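Student: This is the structure I have questions about; it appears just below.
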Amino acid sequence: MNTPTDPDTLARRRAGRLAFWRGLSSLIAAAIAWNGVFFAAGLWFPLWWLGLFGDFVLAVMVAERVGRVVPLRGRRAYERTLAFGFPVLALVAWQVIVDAGILSATWFPQPTRIAQALWEMTVSYDRFSQTSLIGRPWLIPEVVAQSGWAAGWGLIAESHVWATLGRVGAGFVLGAIPGVLLGVVMGMNKTVRLMLDTTLSAIYVLPKIAIFPIVMLMFADPFGEGPKIVVVALAVFFLMTINSMAGVRDIDPVFLMAGRNYGARGFQMLRHVIIPAALPVIFAGLRLALGTALIVIISVEFLRAKQGVGFITFYYWEVLNPEKMYAGLVVVMILGILLTYLLQWLERRVMPWQRD
Amino acid sequence: MVWKNGFNRLVAGLAGAALVAVATAATAAELPAPLSPPQKVKVAYVPILKFATVYVAAKRDLFKKYGLDVEFERVKSGTEAIAFLTQGSIDVGGIAIVTSLWNAWNRGMDIRIIAPGALEPFTNSPTQLLLRKALAAEGKVKTIADLKGMRIATAGGPGSGGEYLAAKALERAKLTIRDVELINLGNADMPAALERGSIDAALAGSPYADQAINGGYASVLATDLTPGLMTVAFVGSGKFIKERPQVAERFVLALAEAARLMQGDGYLATANIEAYITFTNTTEKAIREGNPVVYDPDLVVSFDGLRDVERVHRENGRLEYKEPIDLAAVADDQFVKKAIAALGPFKK
């Protein structure tokens with residue numbers, strides 16, 4: 001690496017560094033002044049949200065300024081710091097605001113208390129409902145060695161998280177596969193599209209929780225797993241059909257022409273041109289559908305389940321244990337992140353050409 | 001003779017009017033004066049008939065009579081009302097005495113029962129334990145003890161009033177809610193579930209219990225599970241009770257007067273029915289056909305009943321604590337006592 005020795009360049013750099021530190025110092029001084037004025041005027045209690053908004057704006061300005069001078073090799077670390085630093089800062093602000101008594105600790109418990117509740121839920125077993133949060137996996141080796149695999153499975157079956165994941169997984173697969181297939185057909189065939197498009201668009205907007213009682217009536221055991229899985233599948237199916245259809249219709253005609261010129265017809269065309277070209281849109285739809293599936297199952301579990309993350313979240317609200325209710329919401333968020341990462345991993349495997 | 005009779009009637013009428021005037025004056029002398037200017041009271045309530053005293057007091061201007069300007073907010077559950085009460089955004093909540101309330105008290109939340117809502121009827125309770133017809137016909141279930149391992153529907157999930165009633169029914173056969181499979185199902189869905197055989201029994205309320213029985217899907221296995229029990233109450237925020245006791249006193253007084261206007265035939269008085277319909281989602285037909293809801297004209301806060309409700313929820317593992325809590329910290333009957341002292345004990 002060459003170190004510039006030209007005095008003008010060195011002077012420009014020195015001036016740049018000076019301007020950077022001067023700007024940064026002004027912003028830090030502004031932050032101190034802003035918070036100090038709020039504190040001195042006793043505005044934190046009535047206008048805490050405005051105080052935080054001001055701090056957020058100042059934090060964005062600091063990050064922007066720092067971002068301008070971050071070298072290319074440190075760019076990734078800088079972006080990660082922004083992505084993970086902001087939620088950490090938000091949690092710290094939450095903790096401070098509740099500790100200071102600005103927000104009620106009963107209804108907005110501090111993140112540390114929520115973390116503690118989450119830990120309690122994770123390691124404990126409710127002997128009344130015979131359930132646990134994650135199924136006490138640390139006991140599985142011992143239980144399997146003593147009583148066999150059936151007993152080990154019993155531990156998984158007692159888990160709220162696995163109950164929710166099972167419903168989401170089954171509903172997602174049951175809805176996504178036919179949804180993608182029908183969407184592709186509708187994208188390729190105008191007659192089918194004309195026949196189904198309006199109907200699908202009409203049904204798609206129905207809140208799935210509203211049709212859940214009707215879905216229940218279709219099953220011999222309305223309180224079993226069937227209706228819950230089917231309502232998730234329905235939500236995923238309509239979304240995937242519409243999305244896949246759009247993906248196929250948006251394929252660049254050049255790809256189709258190229259495929260035809262190479263002699264591709266029928267199934268070959270579908271496999272080598274249409275599906276690969278529509279896959280990015282289909283995967284974008286799958287990501288949306290996965291989020292929708294999680295929202296739908298959590299809503300269903302709120303009302304009609306005896307097990308599941310949605311059930312415990314609502315249960316702890318109903319029995320007035322807000323820390324554990326928030327812990328349930330945290331579990332939902334963790335599931336959302338993990339499922340999204342899983343889908344992104346699958347996306348990379350299926351579409352290796354799509355790497356950044 | 002006619003004149004004489006007329007004169008006698010007139011004298012008797014005047015004497016009667018004078019007596020009523022004296023009696024009224026004597027009673028009115030003990031009643032607190034209306035607040036001026038009128039004081040605002042914010043009430044959150046779950047729109048069910050069990051809080052009808054507050055609807056009648058509003059509709060028949062009893063609150064106005066005592067200088068109260070009552071604002072109503074509907075809530076979906078008692079937990080919501082508890083949140084608003086502790087935040088100070090409402091003064092009084094019409095709340096079912098369920099798990100959330102006990103856990104709130106255990107956490108030291110400053111809210112107190114200031115007056116009872118409706119009581120469970122002593123006889124002919126509208127809530128009945130129904131048994132699926134086929135099970136009764138086949139002789140598989142003859143008593144509550146035979147329900148072991150079966151699927152029972154209750155309105156409300158874990159820790160709800162429905163679960164409490166189920167526990168009380170099962171207690172009769174020395175069973176607990178762990179010995180059966182409880183299903184959370186709305187009252188309206190129970191007849192269909194019984195017809196389809198997807199549940200074995202249900203704790204159904206009126207008019208859905210009658211619908212299932214008349215439709216031939218179910219028969220009554222048990223009724224009058226908790227006669228005379230206070231299952232709902234008016235809960236005041238600590239701030240309201242401490243900072244505005246005169247307002248709270250008049251609020252409870254208006255409730256007591258309303259409860260007295262709802263006794264006997266008065267329950268179906270036109271003005272009362274209007275009040276029920278205004279504040280709940282019921283219909284006049286349903287009110288007239290259903291069993292009357294019971295309101296104690298003396299608004300007695302039953303501490304024994306409270307103790308039992310707490311015990312059952314505690315034994316069901318729904319509460320965060322193990323030992324019974326001090327009931328003096330959960331109910332404050334000073335306003336009820338003042339109201340009854342002002343009105344005198346109710347005479348039939």
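Just remember, in the structure tokens the first chain shown is A, the second B, etc., residues are 1-based per chain, and ligands are 1-based in the order shown.
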When you look at Pro121 in chain B with a cut-off of 12 Å (counting only C-alpha atoms), what residues show up, excluding the ones that are within fewer than 6 positions of it in the same chain? I need them as JSON, numbers by chain.
Tutor: {"B": [50, 127, 128, 223, 224, 225, 226, 227, 228, 229, 230, 231, 291, 292, 293, 294, 295, 296]}
Student: Could you save those same residues with N, CA and C atoms as a PDB file, in the first residue's frame?
Tutor:
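Contents of again_36.pdb, freshly written:
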ATOM      1  N   LYS B  50     -74.125  -9.626  33.371  1.00  0.00           N
ATOM      2  CA  LYS B  50     -73.766  -9.744  34.791  1.00  0.00           C
ATOM      3  C   LYS B  50     -73.368  -8.399  35.414  1.00  0.00           C
ATOM      4  N   THR B 127     -76.443 -21.604  33.555  1.00  0.00           N
ATOM      5  CA  THR B 127     -75.257 -22.365  33.144  1.00  0.00           C
ATOM      6  C   THR B 127     -75.407 -23.806  33.623  1.00  0.00           C
ATOM      7  N   GLN B 128     -75.384 -24.723  32.647  1.00  0.00           N
ATOM      8  CA  GLN B 128     -75.630 -26.130  33.000  1.00  0.00           C
ATOM      9  C   GLN B 128     -74.544 -27.026  32.429  1.00  0.00           C
ATOM     10  N   THR B 223     -76.516 -29.065  37.432  1.00  0.00           N
ATOM     11  CA  THR B 223     -76.813 -27.638  37.340  1.00  0.00           C
ATOM     12  C   THR B 223     -76.635 -27.004  38.722  1.00  0.00           C
ATOM     13  N   ASP B 224     -76.817 -25.692  38.787  1.00  0.00           N
ATOM     14  CA  ASP B 224     -76.636 -24.955  40.046  1.00  0.00           C
ATOM     15  C   ASP B 224     -75.306 -25.333  40.699  1.00  0.00           C
ATOM     16  N   LEU B 225     -74.244 -25.115  39.953  1.00  0.00           N
ATOM     17  CA  LEU B 225     -72.920 -25.560  40.397  1.00  0.00           C
ATOM     18  C   LEU B 225     -72.359 -24.695  41.521  1.00  0.00           C
ATOM     19  N   THR B 226     -72.686 -23.413  41.494  1.00  0.00           N
ATOM     20  CA  THR B 226     -72.152 -22.508  42.532  1.00  0.00           C
ATOM     21  C   THR B 226     -73.255 -21.537  42.957  1.00  0.00           C
ATOM     22  N   PRO B 227     -74.293 -22.038  43.632  1.00  0.00           N
ATOM     23  CA  PRO B 227     -75.435 -21.167  43.936  1.00  0.00           C
ATOM     24  C   PRO B 227     -75.039 -19.959  44.777  1.00  0.00           C
ATOM     25  N   GLY B 228     -75.485 -18.800  44.318  1.00  0.00           N
ATOM     26  CA  GLY B 228     -75.283 -17.559  45.077  1.00  0.00           C
ATOM     27  C   GLY B 228     -73.875 -17.005  45.042  1.00  0.00           C
ATOM     28  N   LEU B 229     -73.021 -17.590  44.220  1.00  0.00           N
ATOM     29  CA  LEU B 229     -71.620 -17.137  44.223  1.00  0.00           C
ATOM     30  C   LEU B 229     -71.446 -15.837  43.432  1.00  0.00           C
ATOM     31  N   MET B 230     -70.573 -14.969  43.965  1.00  0.00           N
ATOM     32  CA  MET B 230     -70.239 -13.730  43.253  1.00  0.00           C
ATOM     33  C   MET B 230     -69.113 -14.072  42.272  1.00  0.00           C
ATOM     34  N   THR B 231     -69.424 -14.069  40.992  1.00  0.00           N
ATOM     35  CA  THR B 231     -68.399 -14.425  40.001  1.00  0.00           C
ATOM     36  C   THR B 231     -67.860 -13.203  39.269  1.00  0.00           C
ATOM     37  N   ASN B 291     -83.487 -17.141  32.065  1.00  0.00           N
ATOM     38  CA  ASN B 291     -83.704 -17.002  33.507  1.00  0.00           C
ATOM     39  C   ASN B 291     -83.196 -15.638  33.963  1.00  0.00           C
ATOM     40  N   PRO B 292     -83.902 -15.014  34.921  1.00  0.00           N
ATOM     41  CA  PRO B 292     -83.414 -13.707  35.384  1.00  0.00           C
ATOM     42  C   PRO B 292     -82.038 -13.830  36.048  1.00  0.00           C
ATOM     43  N   VAL B 293     -81.222 -12.820  35.831  1.00  0.00           N
ATOM     44  CA  VAL B 293     -79.907 -12.789  36.482  1.00  0.00           C
ATOM     45  C   VAL B 293     -80.133 -12.243  37.894  1.00  0.00           C
ATOM     46  N   VAL B 294     -79.352 -12.775  38.836  1.00  0.00           N
ATOM     47  CA  VAL B 294     -79.597 -12.421  40.244  1.00  0.00           C
ATOM     48  C   VAL B 294     -78.664 -11.300  40.691  1.00  0.00           C
ATOM     49  N   TYR B 295     -79.237 -10.249  41.274  1.00  0.00           N
ATOM     50  CA  TYR B 295     -78.455  -9.146  41.829  1.00  0.00           C
ATOM     51  C   TYR B 295     -78.865  -8.968  43.280  1.00  0.00           C
ATOM     52  N   ASP B 296     -77.896  -8.982  44.149  1.00  0.00           N
ATOM     53  CA  ASP B 296     -78.196  -8.825  45.573  1.00  0.00           C
ATOM     54  C   ASP B 296     -78.598  -7.376  45.837  1.00  0.00           C
TER      55      ASP B 296
END
Student: What are the closest atom pairs, with distances in Å to one decimal, for each residue of chain A lying within 7 Å of chain B, using only C-alpha atoms, rows by chain and rising residue number, as a Markdown table?
Tutor:
| residue | atom | partner | partner_atom | distance |
| --- | --- | --- | --- | --- |
| A:Phe128 | CA | B:Gly317 | CA | 6.5 |
| A:Asp221 | CA | B:Ser198 | CA | 6.0 |
| A:Pro222 | CA | B:Ser198 | CA | 6.8 |
| A:Arg304 | CA | B:Asn184 | CA | 6.8 |
| A:Glu318 | CA | B:Ser100 | CA | 6.0 |
| A:Val319 | CA | B:Ser100 | CA | 4.1 |
| A:Leu320 | CA | B:Ser100 | CA | 4.7 |
Student: Convert the current residue selection to file output with C-alpha atoms, as a compact mmCIF listing (two decimals), in the first residue's frame.
Tutor:
# COMPACT_ATOMS: atom_id res chain seq x y z
CA PHE A 128 -50.40 -29.15 35.29
CA ASP A 221 -61.94 -33.92 15.26
CA PRO A 222 -62.32 -30.15 15.04
CA ARG A 304 -58.01 -22.62 19.79
CA GLU A 318 -54.89 -13.87 30.42
CA VAL A 319 -53.46 -14.93 33.79
CA LEU A 320 -51.63 -11.63 34.04
Student: Quick one: residues within 10 Å of Leu306 in chain B, only C-alpha atoms counted, chain neighbours fewer than 4 positions away excluded, as number ranges by chain?
Tutor: B: 97, 229-231, 301-302, 310-311, 327, 330-331
Student: Take the residues that were just selected and, keeping C-alpha atoms, output them as a short mmCIF file (atom, residue, chain, number, x, y, z; two decimals), in the first residue's frame.
Tutor:
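Printed below is again_21.cif as written:
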data_model
loop_
_atom_site.label_atom_id
_atom_site.label_comp_id
_atom_site.auth_asym_id
_atom_site.auth_seq_id
_atom_site.Cartn_x
_atom_site.Cartn_y
_atom_site.Cartn_z
CA ILE B 97 -63.13 -12.71 39.32
CA LEU B 229 -71.62 -17.14 44.22
CA MET B 230 -70.24 -13.73 43.25
CA THR B 231 -68.40 -14.43 40.00
CA VAL B 301 -69.47 -8.78 49.12
CA SER B 302 -69.12 -12.48 49.92
CA GLU B 310 -59.12 -18.33 44.89
CA ARG B 311 -58.67 -21.84 46.29
CA LEU B 327 -58.80 -10.88 51.32
CA VAL B 330 -58.66 -7.39 47.64
CA ALA B 331 -62.08 -6.07 48.62
#
Student: Show which residues sit within 8 Å of Gly179 in chain A, as an mmCIF file with C-alpha atoms, in the first residue's frame. Count only C-alpha atoms, and ignore same-chain residues fewer than 4 positions away.
Tutor:
data_model
loop_
_atom_site.group_PDB
_atom_site.id
_atom_site.type_symbol
_atom_site.label_atom_id
_atom_site.label_comp_id
_atom_site.auth_asym_id
_atom_site.auth_seq_id
_atom_site.Cartn_x
_atom_site.Cartn_y
_atom_site.Cartn_z
ATOM 1 C CA GLY A 175 -49.927 -24.978 0.904
ATOM 2 C CA GLY A 183 -49.409 -20.420 -9.946
ATOM 3 C CA VAL A 236 -49.802 -20.118 2.149
ATOM 4 C CA PHE A 237 -51.560 -21.609 -0.886
ATOM 5 C CA PHE A 238 -53.313 -18.438 -2.044
ATOM 6 C CA LEU A 239 -50.280 -16.271 -1.477
ATOM 7 C CA MET A 240 -47.996 -18.664 -3.341
ATOM 8 C CA THR A 241 -50.421 -19.128 -6.230
ATOM 9 C CA SER A 244 -45.863 -17.734 -8.586
#
Student: Write out as a list in words all residues of range 123-307 of chain B that DSSP puts in strand (DSSP E) for this structure's backbone.
Tutor: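 DSSP-assigned strand (DSSP E) residues in range 123-307 of chain B: Gln128, Leu129, Leu130, Leu131, Arg132, Arg151, Ile152, Ala153, Thr154, Glu181, Leu182, Ile183, Asn184, Ala201, Ala202, Leu203, Ala204, Ala218, Ser219, Val220, Leu221, Ala222, Thr223, Val232, Ala233, Phe234, Val235, Gly236 and Ser237 of chain B.
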Student: Could you pull out the alpha helix (DSSP H) residues of range 30-274 of chain B, going by DSSP on the backbone, and write them as JSON, numbers by chain?
Tutor: {"B": [30, 52, 53, 54, 55, 56, 57, 58, 59, 62, 63, 64, 65, 78, 79, 80, 81, 82, 83, 84, 85, 86, 87, 99, 100, 101, 102, 103, 104, 105, 106, 133, 134, 135, 136, 137, 161, 162, 163, 164, 165, 166, 167, 168, 169, 170, 171, 190, 191, 192, 193, 194, 195, 196, 208, 209, 210, 211, 212, 213, 214, 238, 239, 240, 241, 242, 243, 245, 246, 247, 248, 249, 250, 251, 252, 253, 254, 255, 256, 257, 258, 259, 260, 261, 270, 271, 272, 273, 274]}
Student: Take the residues from that selection and write them out as a compact mmCIF listing (two decimals), in the first residue's frame, keeping C-alpha atoms.
Tutor:
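Output (part_17.txt):
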# COMPACT_ATOMS: atom_id res chain seq x y z
CA GLU B 30 -79.66 10.21 54.89
CA ALA B 52 -76.45 -4.89 34.53
CA THR B 53 -76.64 -2.80 37.70
CA VAL B 54 -74.30 -0.28 36.13
CA TYR B 55 -76.34 -0.24 32.89
CA VAL B 56 -79.59 0.36 34.79
CA ALA B 57 -78.00 3.04 36.97
CA ALA B 58 -76.85 4.85 33.84
CA LYS B 59 -80.03 4.42 31.81
CA LEU B 62 -79.27 7.17 39.05
CA PHE B 63 -75.70 8.30 38.48
CA LYS B 64 -76.96 11.72 37.42
CA LYS B 65 -79.07 11.86 40.58
CA GLY B 78 -60.92 -8.46 32.55
CA THR B 79 -57.16 -8.42 32.01
CA GLU B 80 -57.58 -5.39 29.73
CA ALA B 81 -59.66 -3.65 32.37
CA ILE B 82 -57.02 -4.44 35.02
CA ALA B 83 -54.34 -2.88 32.82
CA PHE B 84 -56.39 0.30 32.40
CA LEU B 85 -57.25 0.40 36.12
CA THR B 86 -53.62 0.21 37.19
CA GLN B 87 -52.62 2.77 34.56
CA THR B 99 -56.99 -15.79 37.56
CA SER B 100 -55.70 -12.48 36.22
CA LEU B 101 -57.36 -10.59 39.07
CA TRP B 102 -55.81 -12.84 41.74
CA ASN B 103 -52.38 -12.59 40.14
CA ALA B 104 -52.83 -8.81 39.99
CA TRP B 105 -53.53 -8.69 43.72
CA ASN B 106 -50.58 -10.96 44.40
CA LYS B 133 -77.21 -37.37 24.28
CA ALA B 134 -75.61 -40.55 22.92
CA LEU B 135 -73.48 -40.96 26.04
CA ALA B 136 -76.57 -40.67 28.21
CA ALA B 137 -78.61 -43.01 26.00
CA GLY B 161 -64.69 -18.44 34.98
CA GLY B 162 -65.66 -21.33 32.72
CA GLU B 163 -62.75 -23.38 34.01
CA TYR B 164 -63.71 -22.52 37.58
CA LEU B 165 -67.26 -23.78 37.03
CA ALA B 166 -65.92 -26.96 35.41
CA ALA B 167 -63.65 -27.48 38.41
CA LYS B 168 -66.60 -27.01 40.77
CA ALA B 169 -68.69 -29.51 38.83
CA LEU B 170 -65.87 -32.07 38.80
CA GLU B 171 -65.19 -31.47 42.48
CA MET B 190 -71.45 -25.75 21.89
CA PRO B 191 -74.77 -27.07 20.51
CA ALA B 192 -73.14 -27.88 17.14
CA ALA B 193 -70.15 -29.52 18.82
CA LEU B 194 -72.48 -31.68 20.94
CA GLU B 195 -74.51 -32.59 17.86
CA ARG B 196 -71.39 -33.62 15.92
CA TYR B 208 -77.35 -22.16 24.02
CA ALA B 209 -77.92 -24.78 26.72
CA ASP B 210 -81.67 -24.72 25.94
CA GLN B 211 -80.89 -24.90 22.23
CA ALA B 212 -78.82 -28.08 22.72
CA ILE B 213 -81.41 -29.66 25.01
CA ASN B 214 -84.39 -28.77 22.80
CA GLY B 238 -56.73 2.47 44.33
CA LYS B 239 -56.42 6.05 43.14
CA PHE B 240 -60.18 6.35 42.68
CA ILE B 241 -60.91 4.88 46.11
CA LYS B 242 -58.32 6.93 47.97
CA GLU B 243 -58.51 10.25 46.16
CA PRO B 245 -64.06 8.46 48.12
CA GLN B 246 -67.13 10.68 47.86
CA VAL B 247 -67.45 9.81 44.18
CA ALA B 248 -66.94 6.10 44.88
CA GLU B 249 -69.57 6.25 47.65
CA ARG B 250 -72.16 7.72 45.32
CA PHE B 251 -71.23 5.33 42.52
CA VAL B 252 -71.90 2.30 44.74
CA LEU B 253 -75.06 3.90 46.09
CA ALA B 254 -76.39 4.23 42.55
CA LEU B 255 -75.51 0.55 41.91
CA ALA B 256 -77.42 -0.48 45.04
CA GLU B 257 -80.48 1.50 43.96
CA ALA B 258 -80.25 -0.08 40.51
CA ALA B 259 -80.01 -3.57 42.04
CA ARG B 260 -83.21 -2.86 43.97
CA LEU B 261 -84.96 -1.72 40.81
CA THR B 270 -89.21 -1.69 30.22
CA ALA B 271 -86.57 0.84 31.30
CA ASN B 272 -84.34 -1.97 32.58
CA ILE B 273 -84.66 -4.00 29.39
CA GLU B 274 -83.70 -0.90 27.43
Student: What's around Lys42 in chain B at 10 Å? Count only C-alpha atoms, leave out sequence neighbours fewer than 6 positions away in its own chain, and write the answer as a list in words.
Tutor: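 These residues fall inside the cut-off: Asp69, Val70, Glu71, Phe72, Glu73, Leu85, Gly88, Ser89, Ile90, Asp91, Val92 and Gly93 of chain B.
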Student: As JSON, numbers by chain, please: the residues near Leu221 in chain B (cut-off 10 Å, only C-alpha atoms, same-chain neighbours under 4 positions excluded).
Tutor: {"B": [128, 129, 130, 131, 132, 136, 141, 142, 143, 144, 169, 201, 202, 203]}
Student: Could you jot down the CA of Lys148 in chain B to CA of Ser129 in chain A separation for me, Å, one decimal place?
Tutor: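 One can read the CA of Lys148 in chain B to CA of Ser129 in chain A distance as 16.3 Å.
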Student: Within 9 Å of Ala305 in chain A, counting only C-alpha atoms, which residues show up once you throw out same-chain ones fewer than 5 positions away? Write them as a PyMOL selection string, please.
Tutor: (chain A and resi 223-224+228+300+310-311) or (chain B and resi 183-184)
Student: Keeping N, CA and C atoms for every residue in the selection just given, could you write it to a file as a CSV table (one decimal), in the first residue's frame?
Tutor:
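As written to disk, part_7.csv reads:
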chain,number,residue,atom,x,y,z
A,223,PHE,N,-61.0,-30.2,17.1
A,223,PHE,CA,-60.0,-29.6,18.0
A,223,PHE,C,-58.6,-30.2,17.8
A,224,GLY,N,-58.4,-31.1,16.8
A,224,GLY,CA,-57.2,-31.7,16.6
A,224,GLY,C,-56.2,-30.8,15.8
A,228,LYS,N,-55.9,-26.7,12.2
A,228,LYS,CA,-54.8,-25.7,12.4
A,228,LYS,C,-53.8,-25.8,11.2
A,300,VAL,N,-54.3,-18.5,15.5
A,300,VAL,CA,-55.1,-19.6,15.8
A,300,VAL,C,-54.8,-20.2,17.2
A,310,GLY,N,-48.2,-19.5,20.5
A,310,GLY,CA,-49.3,-18.5,20.5
A,310,GLY,C,-50.2,-18.8,21.8
A,311,PHE,N,-50.4,-20.0,22.1
A,311,PHE,CA,-51.2,-20.4,23.3
A,311,PHE,C,-50.6,-19.9,24.5
B,183,ILE,N,-61.9,-28.1,26.8
B,183,ILE,CA,-61.8,-27.5,25.4
B,183,ILE,C,-62.3,-26.1,25.6
B,184,ASN,N,-61.6,-25.1,25.1
B,184,ASN,CA,-62.1,-23.7,25.1
B,184,ASN,C,-63.0,-23.5,23.9
